[in-house]
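With PDB, C-alpha atoms inside, this is start35.pdb:
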```
ATOM      1  CA  MET A   1     121.145  78.650  91.898  1.00  0.00           C
ATOM      2  CA  LEU A   2     119.833  80.819  94.718  1.00  0.00           C
ATOM      3  CA  ASN A   3     116.065  81.016  95.091  1.00  0.00           C
ATOM      4  CA  LEU A   4     115.392  84.746  95.354  1.00  0.00           C
ATOM      5  CA  LYS A   5     111.597  84.399  95.221  1.00  0.00           C
ATOM      6  CA  PRO A   6     110.249  83.197  98.590  1.00  0.00           C
ATOM      7  CA  SER A   7     107.448  80.661  98.330  1.00  0.00           C
ATOM      8  CA  PRO A   8     104.109  81.746  99.818  1.00  0.00           C
ATOM      9  CA  ILE A   9     102.670  80.089 102.897  1.00  0.00           C
ATOM     10  CA  LYS A  10      99.778  77.875 101.849  1.00  0.00           C
ATOM     11  CA  THR A  11      96.700  77.709 104.065  1.00  0.00           C
ATOM     12  CA  ALA A  12      93.096  76.702 103.586  1.00  0.00           C
ATOM     13  CA  GLU A  13      90.846  79.298 101.946  1.00  0.00           C
ATOM     14  CA  ASN A  14      89.906  82.239 104.199  1.00  0.00           C
ATOM     15  CA  ILE A  15      92.589  81.297 106.748  1.00  0.00           C
ATOM     16  CA  LEU A  16      95.547  83.333 108.008  1.00  0.00           C
ATOM     17  CA  ARG A  17      98.337  81.803 110.062  1.00  0.00           C
ATOM     18  CA  VAL A  18      98.864  84.206 112.969  1.00  0.00           C
ATOM     19  CA  HIS A  19     101.759  84.549 115.397  1.00  0.00           C
ATOM     20  CA  SER A  20     100.057  87.004 117.777  1.00  0.00           C
ATOM     21  CA  ILE A  21      97.541  89.837 118.006  1.00  0.00           C
ATOM     22  CA  GLU A  22      97.867  93.214 119.713  1.00  0.00           C
ATOM     23  CA  SER A  23      95.125  95.709 120.485  1.00  0.00           C
ATOM     24  CA  PHE A  24      95.708  99.449 120.938  1.00  0.00           C
ATOM     25  CA  GLY A  25      99.046  99.508 119.130  1.00  0.00           C
ATOM     26  CA  THR A  26     100.532 102.985 118.710  1.00  0.00           C
ATOM     27  CA  HIS A  27     103.849 102.296 116.935  1.00  0.00           C
ATOM     28  CA  ASP A  28     102.704 100.362 113.863  1.00  0.00           C
ATOM     29  CA  GLY A  29     101.057 102.976 111.725  1.00  0.00           C
ATOM     30  CA  PRO A  30      98.937 106.096 112.234  1.00  0.00           C
ATOM     31  CA  GLY A  31      96.584 106.358 115.188  1.00  0.00           C
ATOM     32  CA  ILE A  32      95.486 103.421 117.324  1.00  0.00           C
ATOM     33  CA  ARG A  33      95.947 100.109 115.521  1.00  0.00           C
ATOM     34  CA  PHE A  34      94.674  96.557 115.792  1.00  0.00           C
ATOM     35  CA  ILE A  35      97.826  94.617 114.865  1.00  0.00           C
ATOM     36  CA  VAL A  36      97.890  91.114 113.452  1.00  0.00           C
ATOM     37  CA  PHE A  37     101.383  89.610 113.474  1.00  0.00           C
ATOM     38  CA  LEU A  38     101.480  86.819 110.903  1.00  0.00           C
ATOM     39  CA  GLN A  39     103.612  83.705 111.205  1.00  0.00           C
ATOM     40  CA  GLY A  40     106.485  82.977 108.856  1.00  0.00           C
ATOM     41  CA  CYS A  41     109.438  84.872 107.390  1.00  0.00           C
ATOM     42  CA  LYS A  42     112.136  83.916 104.902  1.00  0.00           C
ATOM     43  CA  LEU A  43     114.680  86.275 106.481  1.00  0.00           C
ATOM     44  CA  LYS A  44     116.511  85.745 109.757  1.00  0.00           C
ATOM     45  CA  CYS A  45     117.489  89.261 110.749  1.00  0.00           C
ATOM     46  CA  MET A  46     120.207  89.406 113.387  1.00  0.00           C
ATOM     47  CA  TYR A  47     118.185  91.839 115.512  1.00  0.00           C
ATOM     48  CA  CYS A  48     114.757  90.183 115.129  1.00  0.00           C
ATOM     49  CA  HIS A  49     112.785  90.623 118.363  1.00  0.00           C
ATOM     50  CA  ASN A  50     110.201  87.990 117.365  1.00  0.00           C
ATOM     51  CA  PRO A  51     112.384  85.083 116.166  1.00  0.00           C
ATOM     52  CA  ASP A  52     109.590  82.692 117.096  1.00  0.00           C
ATOM     53  CA  SER A  53     107.614  84.206 114.198  1.00  0.00           C
ATOM     54  CA  ILE A  54     110.185  83.079 111.598  1.00  0.00           C
ATOM     55  CA  ALA A  55     109.159  79.422 111.221  1.00  0.00           C
ATOM     56  CA  THR A  56     106.568  79.063 108.462  1.00  0.00           C
ATOM     57  CA  SER A  57     105.064  75.988 110.127  1.00  0.00           C
ATOM     58  CA  GLY A  58     104.114  77.647 113.414  1.00  0.00           C
ATOM     59  CA  GLY A  59     101.378  80.004 114.522  1.00  0.00           C
ATOM     60  CA  LYS A  60      97.640  79.683 115.027  1.00  0.00           C
ATOM     61  CA  GLU A  61      95.131  79.556 112.199  1.00  0.00           C
ATOM     62  CA  TYR A  62      92.372  82.195 112.241  1.00  0.00           C
ATOM     63  CA  HIS A  63      89.426  82.429 109.898  1.00  0.00           C
ATOM     64  CA  ILE A  64      89.483  85.817 108.177  1.00  0.00           C
ATOM     65  CA  GLU A  65      85.970  86.701 109.286  1.00  0.00           C
ATOM     66  CA  GLU A  66      86.942  86.092 112.918  1.00  0.00           C
ATOM     67  CA  LEU A  67      89.733  88.655 112.575  1.00  0.00           C
ATOM     68  CA  VAL A  68      87.399  91.077 110.801  1.00  0.00           C
ATOM     69  CA  GLN A  69      84.905  90.894 113.653  1.00  0.00           C
ATOM     70  CA  MET A  70      87.693  91.514 116.179  1.00  0.00           C
ATOM     71  CA  ALA A  71      88.711  94.608 114.228  1.00  0.00           C
ATOM     72  CA  ILE A  72      85.102  95.840 114.029  1.00  0.00           C
ATOM     73  CA  LYS A  73      84.881  95.706 117.827  1.00  0.00           C
ATOM     74  CA  MET A  74      87.914  98.018 117.942  1.00  0.00           C
ATOM     75  CA  LYS A  75      86.549 100.422 115.332  1.00  0.00           C
ATOM     76  CA  SER A  76      85.310 103.039 117.815  1.00  0.00           C
ATOM     77  CA  TYR A  77      88.889 103.448 119.077  1.00  0.00           C
ATOM     78  CA  PHE A  78      90.443 103.960 115.658  1.00  0.00           C
ATOM     79  CA  GLY A  79      89.190 107.496 115.128  1.00  0.00           C
ATOM     80  CA  LYS A  80      90.106 109.160 111.846  1.00  0.00           C
ATOM     81  CA  LYS A  81      93.659 107.785 111.628  1.00  0.00           C
ATOM     82  CA  GLY A  82      93.666 104.315 113.177  1.00  0.00           C
ATOM     83  CA  GLY A  83      92.881 100.919 111.732  1.00  0.00           C
ATOM     84  CA  VAL A  84      94.406  97.503 111.164  1.00  0.00           C
ATOM     85  CA  THR A  85      98.095  96.803 110.634  1.00  0.00           C
ATOM     86  CA  VAL A  86      99.343  93.429 109.458  1.00  0.00           C
ATOM     87  CA  SER A  87     102.930  92.747 110.458  1.00  0.00           C
ATOM     88  CA  GLY A  88     104.992  89.611 110.981  1.00  0.00           C
ATOM     89  CA  GLY A  89     106.919  87.556 110.356  1.00  0.00           C
ATOM     90  CA  GLU A  90     106.425  88.641 106.745  1.00  0.00           C
ATOM     91  CA  PRO A  91     102.816  89.379 105.721  1.00  0.00           C
ATOM     92  CA  MET A  92     103.416  89.063 101.983  1.00  0.00           C
ATOM     93  CA  LEU A  93     103.984  85.319 102.381  1.00  0.00           C
ATOM     94  CA  GLN A  94     100.219  85.164 102.908  1.00  0.00           C
ATOM     95  CA  ALA A  95      99.258  87.836 100.371  1.00  0.00           C
ATOM     96  CA  LYS A  96      96.539  85.747  98.706  1.00  0.00           C
ATOM     97  CA  ALA A  97      94.590  85.398 101.962  1.00  0.00           C
ATOM     98  CA  LEU A  98      95.343  88.998 102.920  1.00  0.00           C
ATOM     99  CA  ILE A  99      93.506  90.187  99.809  1.00  0.00           C
ATOM    100  CA  LEU A 100      90.326  88.645 101.212  1.00  0.00           C
ATOM    101  CA  PHE A 101      91.038  90.043 104.690  1.00  0.00           C
ATOM    102  CA  PHE A 102      91.721  93.576 103.488  1.00  0.00           C
ATOM    103  CA  LYS A 103      88.775  93.499 101.108  1.00  0.00           C
ATOM    104  CA  ARG A 104      86.492  92.795 104.050  1.00  0.00           C
ATOM    105  CA  LEU A 105      88.141  95.490 106.141  1.00  0.00           C
ATOM    106  CA  LYS A 106      87.608  98.018 103.363  1.00  0.00           C
ATOM    107  CA  GLU A 107      83.949  97.005 103.197  1.00  0.00           C
ATOM    108  CA  GLU A 108      83.742  97.912 106.890  1.00  0.00           C
ATOM    109  CA  GLY A 109      85.469 101.260 106.343  1.00  0.00           C
ATOM    110  CA  ILE A 110      88.623 100.252 108.213  1.00  0.00           C
ATOM    111  CA  ASN A 111      92.050 101.652 107.311  1.00  0.00           C
ATOM    112  CA  THR A 112      94.608  99.034 106.245  1.00  0.00           C
ATOM    113  CA  ASN A 113      98.378  98.971 106.636  1.00  0.00           C
ATOM    114  CA  ILE A 114     101.132  96.417 105.931  1.00  0.00           C
ATOM    115  CA  ASP A 115     104.546  96.267 107.623  1.00  0.00           C
ATOM    116  CA  THR A 116     106.782  94.377 105.179  1.00  0.00           C
ATOM    117  CA  ASN A 117     110.385  93.668 104.206  1.00  0.00           C
ATOM    118  CA  GLY A 118     109.362  93.982 100.548  1.00  0.00           C
ATOM    119  CA  ARG A 119     110.873  90.744  99.267  1.00  0.00           C
ATOM    120  CA  ILE A 120     107.746  89.422  97.533  1.00  0.00           C
ATOM    121  CA  LEU A 121     106.317  91.122  94.459  1.00  0.00           C
ATOM    122  CA  ASN A 122     103.997  88.765  92.615  1.00  0.00           C
ATOM    123  CA  HIS A 123     100.468  89.144  91.249  1.00  0.00           C
ATOM    124  CA  PHE A 124      98.892  88.497  94.666  1.00  0.00           C
ATOM    125  CA  SER A 125     101.078  91.010  96.488  1.00  0.00           C
ATOM    126  CA  THR A 126     100.676  93.651  93.775  1.00  0.00           C
ATOM    127  CA  GLU A 127      96.882  93.268  93.857  1.00  0.00           C
ATOM    128  CA  LEU A 128      96.999  93.627  97.637  1.00  0.00           C
ATOM    129  CA  LEU A 129      99.211  96.710  97.405  1.00  0.00           C
ATOM    130  CA  ASP A 130      97.397  98.400  94.556  1.00  0.00           C
ATOM    131  CA  ASP A 131      93.778  97.729  95.509  1.00  0.00           C
ATOM    132  CA  TYR A 132      93.538  97.237  99.267  1.00  0.00           C
ATOM    133  CA  ALA A 133      96.515  98.606 101.249  1.00  0.00           C
ATOM    134  CA  ASP A 134      95.994 102.216 102.325  1.00  0.00           C
ATOM    135  CA  LEU A 135      99.551 102.356 103.632  1.00  0.00           C
ATOM    136  CA  ILE A 136     102.666 100.226 103.622  1.00  0.00           C
ATOM    137  CA  MET A 137     105.610 100.470 105.998  1.00  0.00           C
ATOM    138  CA  LEU A 138     108.695  99.165 104.204  1.00  0.00           C
ATOM    139  CA  ASP A 139     111.667  97.960 106.250  1.00  0.00           C
ATOM    140  CA  ILE A 140     114.974  98.976 104.681  1.00  0.00           C
ATOM    141  CA  LYS A 141     117.553  96.596 106.111  1.00  0.00           C
ATOM    142  CA  HIS A 142     120.838  97.882 104.699  1.00  0.00           C
ATOM    143  CA  MET A 143     122.125  99.941 101.795  1.00  0.00           C
ATOM    144  CA  THR A 144     124.844  97.537 100.647  1.00  0.00           C
ATOM    145  CA  GLU A 145     124.488  93.968  99.391  1.00  0.00           C
ATOM    146  CA  GLU A 146     127.201  92.729 101.750  1.00  0.00           C
ATOM    147  CA  GLY A 147     125.520  94.385 104.712  1.00  0.00           C
ATOM    148  CA  TYR A 148     122.090  93.079 103.694  1.00  0.00           C
ATOM    149  CA  ILE A 149     123.339  89.499 103.552  1.00  0.00           C
ATOM    150  CA  ALA A 150     125.136  89.823 106.884  1.00  0.00           C
ATOM    151  CA  LEU A 151     122.000  91.186 108.609  1.00  0.00           C
ATOM    152  CA  THR A 152     119.303  89.016 107.048  1.00  0.00           C
ATOM    153  CA  GLY A 153     121.001  85.838 105.878  1.00  0.00           C
ATOM    154  CA  LYS A 154     119.631  86.346 102.352  1.00  0.00           C
ATOM    155  CA  PRO A 155     120.950  88.110  99.228  1.00  0.00           C
ATOM    156  CA  ASN A 156     119.538  90.787  96.930  1.00  0.00           C
ATOM    157  CA  LYS A 157     118.657  94.014  98.697  1.00  0.00           C
ATOM    158  CA  GLU A 158     117.378  95.288  95.332  1.00  0.00           C
ATOM    159  CA  ILE A 159     114.140  93.321  95.738  1.00  0.00           C
ATOM    160  CA  ALA A 160     112.995  95.734  98.451  1.00  0.00           C
ATOM    161  CA  PHE A 161     113.939  98.698  96.271  1.00  0.00           C
ATOM    162  CA  ASN A 162     111.881  97.266  93.388  1.00  0.00           C
ATOM    163  CA  PHE A 163     109.009  96.872  95.835  1.00  0.00           C
ATOM    164  CA  ALA A 164     109.362 100.532  96.846  1.00  0.00           C
ATOM    165  CA  LYS A 165     109.446 101.604  93.194  1.00  0.00           C
ATOM    166  CA  HIS A 166     106.216  99.702  92.521  1.00  0.00           C
ATOM    167  CA  ARG A 167     104.547 101.470  95.430  1.00  0.00           C
ATOM    168  CA  GLU A 168     105.863 104.844  94.265  1.00  0.00           C
ATOM    169  CA  ASP A 169     104.526 104.246  90.763  1.00  0.00           C
ATOM    170  CA  SER A 170     101.096 103.457  92.231  1.00  0.00           C
ATOM    171  CA  GLY A 171     100.983 106.887  93.877  1.00  0.00           C
ATOM    172  CA  LYS A 172      99.900 105.394  97.211  1.00  0.00           C
ATOM    173  CA  LYS A 173     101.214 106.178 100.689  1.00  0.00           C
ATOM    174  CA  MET A 174     104.379 104.637 102.054  1.00  0.00           C
ATOM    175  CA  TRP A 175     106.517 104.938 105.166  1.00  0.00           C
ATOM    176  CA  LEU A 176     110.072 103.670 105.460  1.00  0.00           C
ATOM    177  CA  ARG A 177     111.552 102.018 108.555  1.00  0.00           C
ATOM    178  CA  TYR A 178     115.245 101.653 109.361  1.00  0.00           C
ATOM    179  CA  VAL A 179     116.863 100.010 112.379  1.00  0.00           C
ATOM    180  CA  LEU A 180     119.848 101.928 113.757  1.00  0.00           C
ATOM    181  CA  ILE A 181     122.544  99.514 114.945  1.00  0.00           C
ATOM    182  CA  PRO A 182     125.679 101.330 116.164  1.00  0.00           C
ATOM    183  CA  GLY A 183     128.634 100.490 113.958  1.00  0.00           C
ATOM    184  CA  ILE A 184     126.528  98.446 111.509  1.00  0.00           C
ATOM    185  CA  THR A 185     123.622 100.426 110.035  1.00  0.00           C
ATOM    186  CA  ASN A 186     124.137 103.701 111.910  1.00  0.00           C
ATOM    187  CA  LYS A 187     126.895 105.095 109.714  1.00  0.00           C
ATOM    188  CA  PRO A 188     126.687 108.534 108.076  1.00  0.00           C
ATOM    189  CA  GLU A 189     127.583 107.150 104.636  1.00  0.00           C
ATOM    190  CA  LEU A 190     124.758 104.605 104.819  1.00  0.00           C
ATOM    191  CA  LEU A 191     122.245 107.186 106.012  1.00  0.00           C
ATOM    192  CA  HIS A 192     123.193 109.520 103.170  1.00  0.00           C
ATOM    193  CA  ALA A 193     122.934 106.638 100.691  1.00  0.00           C
ATOM    194  CA  LEU A 194     119.458 105.846 102.044  1.00  0.00           C
ATOM    195  CA  GLY A 195     118.379 109.456 101.707  1.00  0.00           C
ATOM    196  CA  LYS A 196     119.788 109.885  98.212  1.00  0.00           C
ATOM    197  CA  HIS A 197     118.097 106.730  96.957  1.00  0.00           C
ATOM    198  CA  PHE A 198     114.635 107.827  98.074  1.00  0.00           C
ATOM    199  CA  LYS A 199     114.879 111.637  97.996  1.00  0.00           C
ATOM    200  CA  ASP A 200     112.723 112.036  94.888  1.00  0.00           C
ATOM    201  CA  TYR A 201     109.931 109.690  95.993  1.00  0.00           C
ATOM    202  CA  LYS A 202     106.618 111.511  96.314  1.00  0.00           C
ATOM    203  CA  THR A 203     104.665 108.829  98.185  1.00  0.00           C
ATOM    204  CA  ILE A 204     106.962 108.579 101.227  1.00  0.00           C
ATOM    205  CA  GLU A 205     105.267 110.427 104.077  1.00  0.00           C
ATOM    206  CA  GLN A 206     107.958 109.744 106.661  1.00  0.00           C
ATOM    207  CA  ILE A 207     110.850 107.563 107.674  1.00  0.00           C
ATOM    208  CA  GLU A 208     110.879 105.924 111.095  1.00  0.00           C
ATOM    209  CA  LEU A 209     114.173 105.281 112.843  1.00  0.00           C
ATOM    210  CA  GLN A 210     114.059 102.241 115.090  1.00  0.00           C
ATOM    211  CA  PRO A 211     116.666 102.465 117.869  1.00  0.00           C
ATOM    212  CA  TYR A 212     118.448  99.165 118.399  1.00  0.00           C
ATOM    213  CA  HIS A 213     117.390  97.166 121.473  1.00  0.00           C
ATOM    214  CA  LYS A 214     117.948  93.684 122.873  1.00  0.00           C
ATOM    215  CA  LEU A 215     114.427  92.870 124.004  1.00  0.00           C
ATOM    216  CA  GLY A 216     114.281  89.676 121.957  1.00  0.00           C
ATOM    217  CA  ILE A 217     117.453  87.983 123.205  1.00  0.00           C
ATOM    218  CA  HIS A 218     115.588  85.688 125.605  1.00  0.00           C
ATOM    219  CA  LYS A 219     113.486  84.416 122.685  1.00  0.00           C
ATOM    220  CA  TRP A 220     116.609  83.538 120.712  1.00  0.00           C
ATOM    221  CA  GLU A 221     117.961  81.683 123.725  1.00  0.00           C
ATOM    222  CA  ALA A 222     114.680  79.829 124.189  1.00  0.00           C
ATOM    223  CA  LEU A 223     114.924  78.636 120.573  1.00  0.00           C
ATOM    224  CA  GLY A 224     118.518  77.517 121.128  1.00  0.00           C
ATOM    225  CA  TRP A 225     119.800  80.058 118.610  1.00  0.00           C
ATOM    226  CA  ASP A 226     122.944  82.163 118.948  1.00  0.00           C
ATOM    227  CA  TYR A 227     122.221  85.899 119.169  1.00  0.00           C
ATOM    228  CA  GLU A 228     125.169  87.391 117.281  1.00  0.00           C
ATOM    229  CA  LEU A 229     124.501  90.994 118.315  1.00  0.00           C
ATOM    230  CA  LYS A 230     124.734  90.386 122.051  1.00  0.00           C
ATOM    231  CA  ASP A 231     127.783  92.665 122.253  1.00  0.00           C
ATOM    232  CA  ALA A 232     126.182  95.491 120.266  1.00  0.00           C
ATOM    233  CA  ARG A 233     125.275  98.528 122.329  1.00  0.00           C
ATOM    234  CA  GLU A 234     122.151 100.660 122.200  1.00  0.00           C
ATOM    235  CA  ASN A 235     122.131 104.078 120.547  1.00  0.00           C
ATOM    236  CA  THR A 236     123.113 107.187 122.428  1.00  0.00           C
ATOM    237  CA  GLU A 237     120.817 110.196 122.342  1.00  0.00           C
ATOM    238  CA  GLU A 238     123.461 112.047 120.334  1.00  0.00           C
ATOM    239  CA  GLU A 239     123.536 109.290 117.697  1.00  0.00           C
ATOM    240  CA  LEU A 240     119.774 109.377 117.301  1.00  0.00           C
ATOM    241  CA  ILE A 241     119.855 113.157 116.853  1.00  0.00           C
ATOM    242  CA  GLU A 242     122.696 112.930 114.322  1.00  0.00           C
ATOM    243  CA  ALA A 243     120.925 110.237 112.277  1.00  0.00           C
ATOM    244  CA  SER A 244     117.694 112.212 112.349  1.00  0.00           C
ATOM    245  CA  ASN A 245     119.477 115.384 111.224  1.00  0.00           C
ATOM    246  CA  ILE A 246     121.123 113.595 108.294  1.00  0.00           C
ATOM    247  CA  LEU A 247     117.877 112.062 107.055  1.00  0.00           C
ATOM    248  CA  SER A 248     116.004 115.346 107.506  1.00  0.00           C
ATOM    249  CA  ASN A 249     117.939 116.586 104.482  1.00  0.00           C
ATOM    250  CA  TYR A 250     116.106 114.023 102.331  1.00  0.00           C
ATOM    251  CA  PHE A 251     112.728 113.268 103.942  1.00  0.00           C
ATOM    252  CA  LYS A 252     109.928 115.635 104.919  1.00  0.00           C
ATOM    253  CA  LYS A 253     109.422 113.862 108.237  1.00  0.00           C
ATOM    254  CA  VAL A 254     111.822 111.806 110.344  1.00  0.00           C
ATOM    255  CA  LYS A 255     110.445 110.045 113.398  1.00  0.00           C
ATOM    256  CA  VAL A 256     112.443 108.255 116.099  1.00  0.00           C
ATOM    257  CA  ASN A 257     110.376 105.448 117.620  1.00  0.00           C
TER     258      ASN A 257
END
```

Starting from the coordinates I provided, produce the structure as structure tokens.
Amino acid sequence: MLNLKPSPIKTAENILRVHSIESFGTHDGPGIRFIVFLQGCKLKCMYCHNPDSIATSGGKEYHIEELVQMAIKMKSYFGKKGGVTVSGGEPMLQAKALILFFKRLKEEGINTNIDTNGRILNHFSTELLDDYADLIMLDIKHMTEEGYIALTGKPNKEIAFNFAKHREDSGKKMWLRYVLIPGITNKPELLHALGKHFKDYKTIEQIELQPYHKLGIHKWEALGWDYELKDARENTEEELIEASNILSNYFKKVKVN
């Protein structure tokens, strides 16, 4: 039987396993962000530009308070919109520790955001979502089960949709993200299916289109892994405009990153 519920990453109390940290991020949520990329992911997306973040055994351990103090030092740059984004890897694998991290950030008046693939919905992740995450950015990989498996190596695209439904029911803010791969995800029928599925959601503020790029190929090669999309091309300007126009029929704001 397939295990459709990824196991969490276990660390000592008050510890997060971190892949990397970025200051002054501008593409991972509103305003200027302090971004903590966590280590570990149960998917192996064909286009992943941080494949070295996939292994659950890697990364560097940080005490939560150390990360909080780093964020506090950035607070003057956040303004009214900025804050902390936790990305990955997959942040929800460390949801239990993230509750403590986000709780501290909220005590310091810092905006919180999670970039997630939405494959984990347990009592830790729901507490994190419902009580401490001001925003989530949900990555929609594909609109068909066959396409989802081909892109990620794992089954059951519906898990992410259940995750989105939970967020919608909470009434809290959500953004969607969608990678446009010519000939694979950038098809009109898939874009319309995406729009129709989410058109009645009230909590979705925008959808971000991520143009396909090959910036992570050298990392795949360094790991000795075969990059299966090496022959895929990047999007044309016309394709980006067409995709944006289609999704504009369903979402109040479409942004091309």

Just say which residues the PyMOL selection byres ((chain A and resi 97-101) around 12) picks in this file, as a PyMOL selection string.
chain A and resi 8-18+36+38+61-69+71+84-87+90-96+102-108+110-114+123-133

Apply the PyMOL selection byres ((chain A and resi 189-198) around 7) to the structure shown and report the selected residues as an mmCIF file with C-alpha atoms, in the coordinates of the input.
```
data_model
loop_
_atom_site.group_PDB
_atom_site.id
_atom_site.type_symbol
_atom_site.label_atom_id
_atom_site.label_comp_id
_atom_site.auth_asym_id
_atom_site.auth_seq_id
_atom_site.Cartn_x
_atom_site.Cartn_y
_atom_site.Cartn_z
ATOM 1 C CA MET A 143 122.125 99.941 101.795
ATOM 2 C CA THR A 185 123.622 100.426 110.035
ATOM 3 C CA LYS A 187 126.895 105.095 109.714
ATOM 4 C CA PRO A 188 126.687 108.534 108.076
ATOM 5 C CA LYS A 199 114.879 111.637 97.996
ATOM 6 C CA ASP A 200 112.723 112.036 94.888
ATOM 7 C CA TYR A 201 109.931 109.690 95.993
ATOM 8 C CA ILE A 246 121.123 113.595 108.294
ATOM 9 C CA LEU A 247 117.877 112.062 107.055
ATOM 10 C CA TYR A 250 116.106 114.023 102.331
#
```

I would like the residues chosen by the PyMOL selection byres ((chain A and resi 159-164) around 8) on the shown file; could you give them as a PyMOL selection string?
chain A and resi 117-121+138+140+156-158+165-168

A:Ile207, A:Leu151, A:Leu180, A:Cys41: which is nearest Gly59 of chain A, counting only C-alpha atoms?
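Residue with the minimum atom-to-atom distance to Gly59 of chain A: A:Cys41.
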
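Here atom CA of Thr56 of chain A stands at a distance of 27.2 Å from atom CA of Pro211 of chain A.
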
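Distance-wise, atom CA of Lys80 of chain A and atom CA of Arg33 of chain A end up 11.4 Å apart.
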
Residues within 6 Å of Met174 of chain A, only C-alpha atoms, excluding chain neighbours under 2 positions, as a PyMOL selection string:
chain A and resi 135-137+203-204

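Our summary of the geometry notes that atom CA of Glu22 of chain A is positioned 19.1 Å from atom CA of Gln210 of chain A.
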
Which one of A:Gln39, A:Thr26, A:Asn235, A:Ser170 sits closest to Gly83 of chain A if you count only C-alpha atoms?
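Checking each of A:Gln39, A:Thr26, A:Asn235, A:Ser170 against Gly83 of chain A, counting only C-alpha atoms, the winner is A:Thr26.
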
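Using all atoms listed in the file, the smallest distance between any of A:His213, A:Lys154, A:Arg177, A:His27 and Gly82 of chain A comes from A:His27.
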
Edge lengths and centre in Å to one decimal, as lines of an AutoDock Vina configuration file, is what I'm after for the box along x, y and z that holds all listed atoms of segment 11-30 of chain A once 3 Å is added on each side.
```
center_x = 96.9
center_y = 91.4
center_z = 111.4
size_x = 19.9
size_y = 35.4
size_z = 25.0
```

Of A:Gly29, A:Asn186, A:Glu145, A:Glu242, the one sitting nearest Lys173 of chain A when using only C-alpha atoms is A:Gly29
